[in-house]
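S.K.: Sharing coords.cif (mmCIF, C-alpha atoms and all ligand atoms; chains and numbers go by the auth columns) below.
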```cif
data_query
#
loop_
_atom_site.group_PDB
_atom_site.id
_atom_site.type_symbol
_atom_site.label_atom_id
_atom_site.label_comp_id
_atom_site.label_asym_id
_atom_site.label_seq_id
_atom_site.Cartn_x
_atom_site.Cartn_y
_atom_site.Cartn_z
_atom_site.B_iso_or_equiv
_atom_site.auth_seq_id
_atom_site.auth_asym_id
ATOM 1 C CA MET A 1 0.000 0.000 0.000 0.00 6 A
ATOM 2 C CA SER A 2 2.265 2.725 -1.240 0.00 7 A
ATOM 3 C CA ASP A 3 -0.617 5.158 -1.610 0.00 8 A
ATOM 4 C CA PRO A 4 -3.342 4.639 0.974 0.00 9 A
ATOM 5 C CA PHE A 5 -5.753 6.669 -1.144 0.00 10 A
ATOM 6 C CA ASN A 6 -5.141 4.726 -4.312 0.00 11 A
ATOM 7 C CA GLY A 7 -8.512 3.621 -5.595 0.00 12 A
ATOM 8 C CA LEU A 8 -10.341 6.101 -3.458 0.00 13 A
ATOM 9 C CA ARG A 9 -9.867 9.022 -5.785 0.00 14 A
ATOM 10 C CA GLU A 10 -13.375 8.820 -7.100 0.00 15 A
ATOM 11 C CA LEU A 11 -14.626 9.405 -3.598 0.00 16 A
ATOM 12 C CA TYR A 12 -12.805 12.642 -3.365 0.00 17 A
ATOM 13 C CA GLN A 13 -15.182 14.542 -5.433 0.00 18 A
ATOM 14 C CA GLU A 14 -15.367 18.240 -5.245 0.00 19 A
ATOM 15 C CA VAL A 15 -17.839 18.233 -2.391 0.00 20 A
ATOM 16 C CA ILE A 16 -15.691 16.003 -0.219 0.00 21 A
ATOM 17 C CA PHE A 17 -12.626 18.109 -0.881 0.00 22 A
ATOM 18 C CA ASP A 18 -14.484 21.263 -0.168 0.00 23 A
ATOM 19 C CA HIS A 19 -16.052 20.083 3.091 0.00 24 A
ATOM 20 C CA ASN A 20 -12.797 18.621 4.323 0.00 25 A
ATOM 21 C CA LYS A 21 -10.874 21.765 3.581 0.00 26 A
ATOM 22 C CA ALA A 22 -13.479 24.103 5.017 0.00 27 A
ATOM 23 C CA PRO A 23 -15.799 22.081 7.265 0.00 28 A
ATOM 24 C CA ARG A 24 -19.132 23.752 7.986 0.00 29 A
ATOM 25 C CA ASN A 25 -20.235 24.325 11.570 0.00 30 A
ATOM 26 C CA TYR A 26 -16.804 23.317 12.856 0.00 31 A
ATOM 27 C CA LYS A 27 -16.847 24.603 16.419 0.00 32 A
ATOM 28 C CA SER A 28 -17.919 23.599 19.897 0.00 33 A
ATOM 29 C CA LEU A 29 -21.279 24.867 21.055 0.00 34 A
ATOM 30 C CA GLU A 30 -21.372 26.559 24.442 0.00 35 A
ATOM 31 C CA ASP A 31 -25.123 26.383 24.814 0.00 36 A
ATOM 32 C CA ALA A 32 -25.459 22.844 23.503 0.00 37 A
ATOM 33 C CA THR A 33 -28.259 20.841 25.073 0.00 38 A
ATOM 34 C CA HIS A 34 -26.895 17.553 23.724 0.00 39 A
ATOM 35 C CA SER A 35 -23.459 16.224 22.814 0.00 40 A
ATOM 36 C CA ALA A 36 -21.688 12.939 22.216 0.00 41 A
ATOM 37 C CA ASP A 37 -18.249 11.671 21.333 0.00 42 A
ATOM 38 C CA GLY A 38 -17.596 9.378 18.409 0.00 43 A
ATOM 39 C CA HIS A 39 -14.573 7.238 17.727 0.00 44 A
ATOM 40 C CA ASN A 40 -13.658 5.061 14.782 0.00 45 A
ATOM 41 C CA PRO A 41 -10.628 3.103 16.039 0.00 46 A
ATOM 42 C CA LEU A 42 -10.042 1.477 12.644 0.00 47 A
ATOM 43 C CA CYS A 43 -9.053 4.788 11.120 0.00 48 A
ATOM 44 C CA GLY A 44 -8.395 6.956 14.168 0.00 49 A
ATOM 45 C CA ASP A 45 -11.282 9.310 13.481 0.00 50 A
ATOM 46 C CA GLN A 46 -12.445 11.093 16.596 0.00 51 A
ATOM 47 C CA LEU A 47 -15.109 13.727 16.891 0.00 52 A
ATOM 48 C CA THR A 48 -17.565 15.385 19.213 0.00 53 A
ATOM 49 C CA VAL A 49 -21.001 16.443 18.008 0.00 54 A
ATOM 50 C CA TYR A 50 -22.919 19.230 19.734 0.00 55 A
ATOM 51 C CA ALA A 51 -26.577 20.042 19.262 0.00 56 A
ATOM 52 C CA ARG A 52 -28.960 22.609 20.639 0.00 57 A
ATOM 53 C CA LEU A 53 -32.526 21.378 20.649 0.00 58 A
ATOM 54 C CA SER A 54 -35.570 23.522 21.175 0.00 59 A
ATOM 55 C CA ASP A 55 -38.322 22.479 23.576 0.00 60 A
ATOM 56 C CA GLN A 56 -40.247 21.344 20.513 0.00 61 A
ATOM 57 C CA GLY A 57 -37.475 18.953 19.504 0.00 62 A
ATOM 58 C CA LEU A 58 -36.110 21.081 16.685 0.00 63 A
ATOM 59 C CA ILE A 59 -32.368 20.926 16.043 0.00 64 A
ATOM 60 C CA GLU A 60 -31.631 24.643 16.099 0.00 65 A
ATOM 61 C CA GLU A 61 -27.886 24.248 15.922 0.00 66 A
ATOM 62 C CA VAL A 62 -25.544 21.348 15.288 0.00 67 A
ATOM 63 C CA THR A 63 -21.757 21.548 15.249 0.00 68 A
ATOM 64 C CA PHE A 64 -18.745 19.283 15.531 0.00 69 A
ATOM 65 C CA VAL A 65 -15.058 19.314 16.396 0.00 70 A
ATOM 66 C CA GLY A 66 -12.465 16.599 16.088 0.00 71 A
ATOM 67 C CA HIS A 67 -9.879 15.108 13.842 0.00 72 A
ATOM 68 C CA GLY A 68 -9.797 12.324 11.345 0.00 73 A
ATOM 69 C CA CYS A 69 -9.586 11.470 7.694 0.00 74 A
ATOM 70 C CA ALA A 70 -11.083 13.546 4.908 0.00 75 A
ATOM 71 C CA ILE A 71 -14.156 11.361 4.597 0.00 76 A
ATOM 72 C CA SER A 72 -15.030 11.465 8.293 0.00 77 A
ATOM 73 C CA LYS A 73 -14.635 15.217 8.368 0.00 78 A
ATOM 74 C CA ALA A 74 -16.525 15.864 5.157 0.00 79 A
ATOM 75 C CA SER A 75 -19.324 13.561 6.281 0.00 80 A
ATOM 76 C CA ALA A 76 -19.581 15.374 9.621 0.00 81 A
ATOM 77 C CA SER A 77 -19.693 18.709 7.831 0.00 82 A
ATOM 78 C CA LEU A 78 -22.424 17.471 5.481 0.00 83 A
ATOM 79 C CA MET A 79 -24.286 16.009 8.462 0.00 84 A
ATOM 80 C CA THR A 80 -24.406 19.369 10.272 0.00 85 A
ATOM 81 C CA GLU A 81 -25.721 21.089 7.148 0.00 86 A
ATOM 82 C CA ALA A 82 -28.327 18.403 6.528 0.00 87 A
ATOM 83 C CA CYS A 83 -29.615 18.176 10.103 0.00 88 A
ATOM 84 C CA LYS A 84 -29.694 21.814 11.156 0.00 89 A
ATOM 85 C CA GLY A 85 -33.289 22.983 11.257 0.00 90 A
ATOM 86 C CA LYS A 86 -34.685 19.452 11.250 0.00 91 A
ATOM 87 C CA THR A 87 -36.684 17.833 14.013 0.00 92 A
ATOM 88 C CA VAL A 88 -35.134 14.992 15.992 0.00 93 A
ATOM 89 C CA ALA A 89 -37.492 12.588 14.220 0.00 94 A
ATOM 90 C CA GLU A 90 -36.430 13.894 10.801 0.00 95 A
ATOM 91 C CA ALA A 91 -32.745 13.658 11.722 0.00 96 A
ATOM 92 C CA GLU A 92 -33.260 10.102 12.922 0.00 97 A
ATOM 93 C CA GLN A 93 -34.903 9.223 9.618 0.00 98 A
ATOM 94 C CA LEU A 94 -32.007 10.806 7.748 0.00 99 A
ATOM 95 C CA PHE A 95 -29.574 8.788 9.880 0.00 100 A
ATOM 96 C CA GLN A 96 -31.398 5.593 8.837 0.00 101 A
ATOM 97 C CA ASP A 97 -31.405 6.661 5.186 0.00 102 A
ATOM 98 C CA VAL A 98 -27.696 7.514 5.205 0.00 103 A
ATOM 99 C CA HIS A 99 -26.915 4.204 6.842 0.00 104 A
ATOM 100 C CA ALA A 100 -28.909 2.387 4.154 0.00 105 A
ATOM 101 C CA MET A 101 -27.215 4.429 1.451 0.00 106 A
ATOM 102 C CA LEU A 102 -23.764 3.532 2.777 0.00 107 A
ATOM 103 C CA THR A 103 -24.412 -0.167 3.206 0.00 108 A
ATOM 104 C CA GLU A 104 -26.980 -1.172 0.610 0.00 109 A
ATOM 105 C CA GLU A 105 -26.974 -1.322 -3.139 0.00 110 A
ATOM 106 C CA HIS A 106 -29.570 1.342 -3.699 0.00 111 A
ATOM 107 C CA PRO A 107 -30.223 4.425 -1.627 0.00 112 A
ATOM 108 C CA PRO A 108 -33.769 4.587 -0.269 0.00 113 A
ATOM 109 C CA HIS A 109 -34.472 7.685 -2.361 0.00 114 A
ATOM 110 C CA ASP A 110 -32.747 10.707 -3.793 0.00 115 A
ATOM 111 C CA MET A 111 -30.316 11.790 -1.099 0.00 116 A
ATOM 112 C CA GLY A 112 -29.331 15.009 -2.812 0.00 117 A
ATOM 113 C CA LYS A 113 -25.921 16.336 -1.845 0.00 118 A
ATOM 114 C CA LEU A 114 -25.386 13.483 0.596 0.00 119 A
ATOM 115 C CA GLU A 115 -25.060 11.067 -2.304 0.00 120 A
ATOM 116 C CA VAL A 116 -21.410 12.037 -2.669 0.00 121 A
ATOM 117 C CA LEU A 117 -20.873 9.788 0.350 0.00 122 A
ATOM 118 C CA SER A 118 -22.344 6.762 -1.384 0.00 123 A
ATOM 119 C CA GLY A 119 -19.043 6.043 -3.152 0.00 124 A
ATOM 120 C CA VAL A 120 -17.670 4.598 0.082 0.00 125 A
ATOM 121 C CA ARG A 121 -19.843 1.511 -0.392 0.00 126 A
ATOM 122 C CA GLU A 122 -16.976 0.131 -2.461 0.00 127 A
ATOM 123 C CA PHE A 123 -14.657 0.431 0.512 0.00 128 A
ATOM 124 C CA PRO A 124 -16.135 -1.218 3.603 0.00 129 A
ATOM 125 C CA ALA A 125 -13.518 0.209 5.958 0.00 130 A
ATOM 126 C CA ARG A 126 -14.447 3.697 4.803 0.00 131 A
ATOM 127 C CA VAL A 127 -18.133 3.190 5.536 0.00 132 A
ATOM 128 C CA LYS A 128 -17.226 3.565 9.199 0.00 133 A
ATOM 129 C CA CYS A 129 -15.527 6.873 8.491 0.00 134 A
ATOM 130 C CA ALA A 130 -18.557 8.189 6.634 0.00 135 A
ATOM 131 C CA SER A 131 -21.106 7.001 9.182 0.00 136 A
ATOM 132 C CA LEU A 132 -19.255 8.113 12.322 0.00 137 A
ATOM 133 C CA ALA A 133 -20.720 11.616 12.560 0.00 138 A
ATOM 134 C CA TRP A 134 -24.216 10.274 11.949 0.00 139 A
ATOM 135 C CA HIS A 135 -23.891 7.637 14.670 0.00 140 A
ATOM 136 C CA THR A 136 -22.542 10.292 16.989 0.00 141 A
ATOM 137 C CA LEU A 137 -25.409 12.691 16.301 0.00 142 A
ATOM 138 C CA HIS A 138 -27.829 9.825 16.814 0.00 143 A
ATOM 139 C CA ASN A 139 -26.274 9.143 20.225 0.00 144 A
ATOM 140 C CA ALA A 140 -26.267 12.824 21.132 0.00 145 A
ATOM 141 C CA ILE A 141 -29.921 13.485 20.365 0.00 146 A
ATOM 142 C CA THR A 142 -31.170 10.223 21.815 0.00 147 A
ATOM 143 C CA LEU A 143 -29.432 11.044 25.090 0.00 148 A
ATOM 144 C CA SER A 144 -27.004 8.153 25.123 0.00 149 A
ATOM 145 C CA ASP A 145 -23.911 8.822 27.196 0.00 150 A
ATOM 146 C CA GLU A 146 -21.919 6.187 25.434 0.00 151 A
ATOM 147 C CA THR A 147 -19.201 6.981 22.965 0.00 152 A
ATOM 148 C CA ALA A 148 -20.373 6.130 19.462 0.00 153 A
ATOM 149 C CA LYS A 149 -18.231 3.480 17.885 0.00 154 A
ATOM 150 C CA THR A 150 -18.495 2.466 14.272 0.00 155 A
ATOM 151 C CA GLU A 151 -17.179 -1.022 14.838 0.00 156 A
HETATM 152 ZN ZN ZN B . -11.526 7.711 8.616 0.00 201 B
#
```
If you convert what's in this file into structure tokens, what do you get?
Ligand code: ZN

M.R.:
Amino acid sequence: MSDPFNGLRELYQEVIFDHNKAPRNYKSLEDATHSADGHNPLCGDQLTVYARLSDQGLIEEVTFVGHGCAISKASASLMTEACKGKTVAEAEQLFQDVHAMLTEEHPPHDMGKLEVLSGVREFPARVKCASLAWHTLHNAITLSDETAKTE
């Protein structure tokens, strides 16, 4: 394995590059009502997801900090954009859809911008990178204190 990214180039589409280079909502959230840590030991990806939920269960703000590979970071960035302004129920549905998209042949429906992540299906080890932020958000908003692990 002289080049660890050999064969993964197709994954690094413009959107992935862009979100890795300039991740959206990359900050901790002082007034977060929910947070969780996520860890993907296979790759070394580590992140914390923060969310501020309204009394009505609306995700008013969602942010993340951490370090990891380009895919984990880009996926986290895309996750914050996709889930901000959604209800907890909608975010949970999106989490299920993303998981299906990453692991099954056909995405459940048009996933829009998030479809750039679907390329990781070809690389099972990378599925864990792409799903980490989503698992972590899921844990945060469902009040689990456990660290999300994509093992
Ligand atoms: Zn990774």

S.K.: Please identify every residue of chain A that has at least one atom no farther than 7 Å from an atom of ligand ZN 201 (chain B), counting all atoms listed in the file, and for each give the shortest atom pair and the distance in Å to one decimal, arranged by chain then increasing number, as a Markdown table.

M.R.:
```
| residue | atom | partner | partner_atom | distance |
| --- | --- | --- | --- | --- |
| A:Cys48 | CA | B:ZN201 | ZN | 4.6 |
| A:Gly49 | CA | B:ZN201 | ZN | 6.4 |
| A:Asp50 | CA | B:ZN201 | ZN | 5.1 |
| A:Gly73 | CA | B:ZN201 | ZN | 5.6 |
| A:Cys74 | CA | B:ZN201 | ZN | 4.3 |
| A:Ala75 | CA | B:ZN201 | ZN | 6.9 |
| A:Ile76 | CA | B:ZN201 | ZN | 6.0 |
| A:Ser77 | CA | B:ZN201 | ZN | 5.1 |
| A:Arg131 | CA | B:ZN201 | ZN | 6.3 |
| A:Cys134 | CA | B:ZN201 | ZN | 4.1 |
```

S.K.: Just how far from CA of Tyr31 (chain A) is CA of Ser82 (chain A), in Å to one decimal?

M.R.: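 Computed distance, CA of Ser82 (chain A) to CA of Tyr31 (chain A), equals 7.4 Å.
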
S.K.: Expand the PyMOL selection byres (((chain A and resi 34) around 10) and not hetatm) into the explicit residue set it covers here, and present it as a PDB file with C-alpha atoms, in the coordinates of the input.

M.R.:
```
ATOM      1  CA  ASN A  30     -20.235  24.325  11.570  1.00  0.00           C
ATOM      2  CA  TYR A  31     -16.804  23.317  12.856  1.00  0.00           C
ATOM      3  CA  LYS A  32     -16.847  24.603  16.419  1.00  0.00           C
ATOM      4  CA  SER A  33     -17.919  23.599  19.897  1.00  0.00           C
ATOM      5  CA  GLU A  35     -21.372  26.559  24.442  1.00  0.00           C
ATOM      6  CA  ASP A  36     -25.123  26.383  24.814  1.00  0.00           C
ATOM      7  CA  ALA A  37     -25.459  22.844  23.503  1.00  0.00           C
ATOM      8  CA  THR A  38     -28.259  20.841  25.073  1.00  0.00           C
ATOM      9  CA  HIS A  39     -26.895  17.553  23.724  1.00  0.00           C
ATOM     10  CA  SER A  40     -23.459  16.224  22.814  1.00  0.00           C
ATOM     11  CA  VAL A  54     -21.001  16.443  18.008  1.00  0.00           C
ATOM     12  CA  TYR A  55     -22.919  19.230  19.734  1.00  0.00           C
ATOM     13  CA  ALA A  56     -26.577  20.042  19.262  1.00  0.00           C
ATOM     14  CA  ARG A  57     -28.960  22.609  20.639  1.00  0.00           C
ATOM     15  CA  GLU A  66     -27.886  24.248  15.922  1.00  0.00           C
ATOM     16  CA  VAL A  67     -25.544  21.348  15.288  1.00  0.00           C
ATOM     17  CA  THR A  68     -21.757  21.548  15.249  1.00  0.00           C
ATOM     18  CA  PHE A  69     -18.745  19.283  15.531  1.00  0.00           C
ATOM     19  CA  VAL A  70     -15.058  19.314  16.396  1.00  0.00           C
TER      20      VAL A  70
END
```

S.K.: What does the distance from CA of Glu120 (chain A) to CA of Leu137 (chain A) come to in Å, to one decimal?

M.R.: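 Straight-line distance from CA of Glu120 (chain A) to CA of Leu137 (chain A) works out to 16.0 Å.
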
S.K.: Can you pull out the residues contacting Ala138 (chain A)? Cut-off 10 Å, using all atoms listed in the file, and skip same-chain residues under 2 positions away; I want them as a PyMOL selection string.

M.R.: chain A and resi 41-45+50-54+69+77-85+100+133-136+140-144+153+155

S.K.: Can you write out the residues you just picked, keeping C-alpha atoms, as a PDB file, keeping the file's coordinate frame?

M.R.:
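Writing done, so here's selection.pdb:
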```pdb
ATOM      1  CA  ALA A  41     -21.688  12.939  22.216  1.00  0.00           C
ATOM      2  CA  ASP A  42     -18.249  11.671  21.333  1.00  0.00           C
ATOM      3  CA  GLY A  43     -17.596   9.378  18.409  1.00  0.00           C
ATOM      4  CA  HIS A  44     -14.573   7.238  17.727  1.00  0.00           C
ATOM      5  CA  ASN A  45     -13.658   5.061  14.782  1.00  0.00           C
ATOM      6  CA  ASP A  50     -11.282   9.310  13.481  1.00  0.00           C
ATOM      7  CA  GLN A  51     -12.445  11.093  16.596  1.00  0.00           C
ATOM      8  CA  LEU A  52     -15.109  13.727  16.891  1.00  0.00           C
ATOM      9  CA  THR A  53     -17.565  15.385  19.213  1.00  0.00           C
ATOM     10  CA  VAL A  54     -21.001  16.443  18.008  1.00  0.00           C
ATOM     11  CA  PHE A  69     -18.745  19.283  15.531  1.00  0.00           C
ATOM     12  CA  SER A  77     -15.030  11.465   8.293  1.00  0.00           C
ATOM     13  CA  LYS A  78     -14.635  15.217   8.368  1.00  0.00           C
ATOM     14  CA  ALA A  79     -16.525  15.864   5.157  1.00  0.00           C
ATOM     15  CA  SER A  80     -19.324  13.561   6.281  1.00  0.00           C
ATOM     16  CA  ALA A  81     -19.581  15.374   9.621  1.00  0.00           C
ATOM     17  CA  SER A  82     -19.693  18.709   7.831  1.00  0.00           C
ATOM     18  CA  LEU A  83     -22.424  17.471   5.481  1.00  0.00           C
ATOM     19  CA  MET A  84     -24.286  16.009   8.462  1.00  0.00           C
ATOM     20  CA  THR A  85     -24.406  19.369  10.272  1.00  0.00           C
ATOM     21  CA  PHE A 100     -29.574   8.788   9.880  1.00  0.00           C
ATOM     22  CA  LYS A 133     -17.226   3.565   9.199  1.00  0.00           C
ATOM     23  CA  CYS A 134     -15.527   6.873   8.491  1.00  0.00           C
ATOM     24  CA  ALA A 135     -18.557   8.189   6.634  1.00  0.00           C
ATOM     25  CA  SER A 136     -21.106   7.001   9.182  1.00  0.00           C
ATOM     26  CA  HIS A 140     -23.891   7.637  14.670  1.00  0.00           C
ATOM     27  CA  THR A 141     -22.542  10.292  16.989  1.00  0.00           C
ATOM     28  CA  LEU A 142     -25.409  12.691  16.301  1.00  0.00           C
ATOM     29  CA  HIS A 143     -27.829   9.825  16.814  1.00  0.00           C
ATOM     30  CA  ASN A 144     -26.274   9.143  20.225  1.00  0.00           C
ATOM     31  CA  ALA A 153     -20.373   6.130  19.462  1.00  0.00           C
ATOM     32  CA  THR A 155     -18.495   2.466  14.272  1.00  0.00           C
TER      33      THR A 155
END
```

S.K.: Run the PyMOL selection byres (((chain A and resi 91) around 12) and not hetatm) mentally over the shown coordinates, then write out the matched residues as a PDB file with C-alpha atoms, in the coordinates of the input, using the chain letters and numbers from the document.

M.R.:
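Listed below is the output, part.pdb:
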```pdb
ATOM      1  CA  ALA A  56     -26.577  20.042  19.262  1.00  0.00           C
ATOM      2  CA  ARG A  57     -28.960  22.609  20.639  1.00  0.00           C
ATOM      3  CA  LEU A  58     -32.526  21.378  20.649  1.00  0.00           C
ATOM      4  CA  SER A  59     -35.570  23.522  21.175  1.00  0.00           C
ATOM      5  CA  GLN A  61     -40.247  21.344  20.513  1.00  0.00           C
ATOM      6  CA  GLY A  62     -37.475  18.953  19.504  1.00  0.00           C
ATOM      7  CA  LEU A  63     -36.110  21.081  16.685  1.00  0.00           C
ATOM      8  CA  ILE A  64     -32.368  20.926  16.043  1.00  0.00           C
ATOM      9  CA  GLU A  65     -31.631  24.643  16.099  1.00  0.00           C
ATOM     10  CA  GLU A  66     -27.886  24.248  15.922  1.00  0.00           C
ATOM     11  CA  VAL A  67     -25.544  21.348  15.288  1.00  0.00           C
ATOM     12  CA  MET A  84     -24.286  16.009   8.462  1.00  0.00           C
ATOM     13  CA  THR A  85     -24.406  19.369  10.272  1.00  0.00           C
ATOM     14  CA  GLU A  86     -25.721  21.089   7.148  1.00  0.00           C
ATOM     15  CA  ALA A  87     -28.327  18.403   6.528  1.00  0.00           C
ATOM     16  CA  CYS A  88     -29.615  18.176  10.103  1.00  0.00           C
ATOM     17  CA  LYS A  89     -29.694  21.814  11.156  1.00  0.00           C
ATOM     18  CA  GLY A  90     -33.289  22.983  11.257  1.00  0.00           C
ATOM     19  CA  THR A  92     -36.684  17.833  14.013  1.00  0.00           C
ATOM     20  CA  VAL A  93     -35.134  14.992  15.992  1.00  0.00           C
ATOM     21  CA  ALA A  94     -37.492  12.588  14.220  1.00  0.00           C
ATOM     22  CA  GLU A  95     -36.430  13.894  10.801  1.00  0.00           C
ATOM     23  CA  ALA A  96     -32.745  13.658  11.722  1.00  0.00           C
ATOM     24  CA  GLU A  97     -33.260  10.102  12.922  1.00  0.00           C
ATOM     25  CA  GLN A  98     -34.903   9.223   9.618  1.00  0.00           C
ATOM     26  CA  LEU A  99     -32.007  10.806   7.748  1.00  0.00           C
ATOM     27  CA  PHE A 100     -29.574   8.788   9.880  1.00  0.00           C
ATOM     28  CA  ILE A 146     -29.921  13.485  20.365  1.00  0.00           C
TER      29      ILE A 146
END
```

S.K.: In Å, rounded to a single decimal, give me how far CA of Gly124 (chain A) is from CA of Glu19 (chain A).

M.R.: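 Separating CA of Glu19 (chain A) from CA of Gly124 (chain A) is a distance of 12.9 Å.
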
S.K.: Given the file above and the PyMOL selection byres (((chain A and resi 107) around 9) and not hetatm), which residues are selected, and can you give them as a ChimeraX atom specification?

M.R.: /A:102-106,108-112,122-126,132,135-136
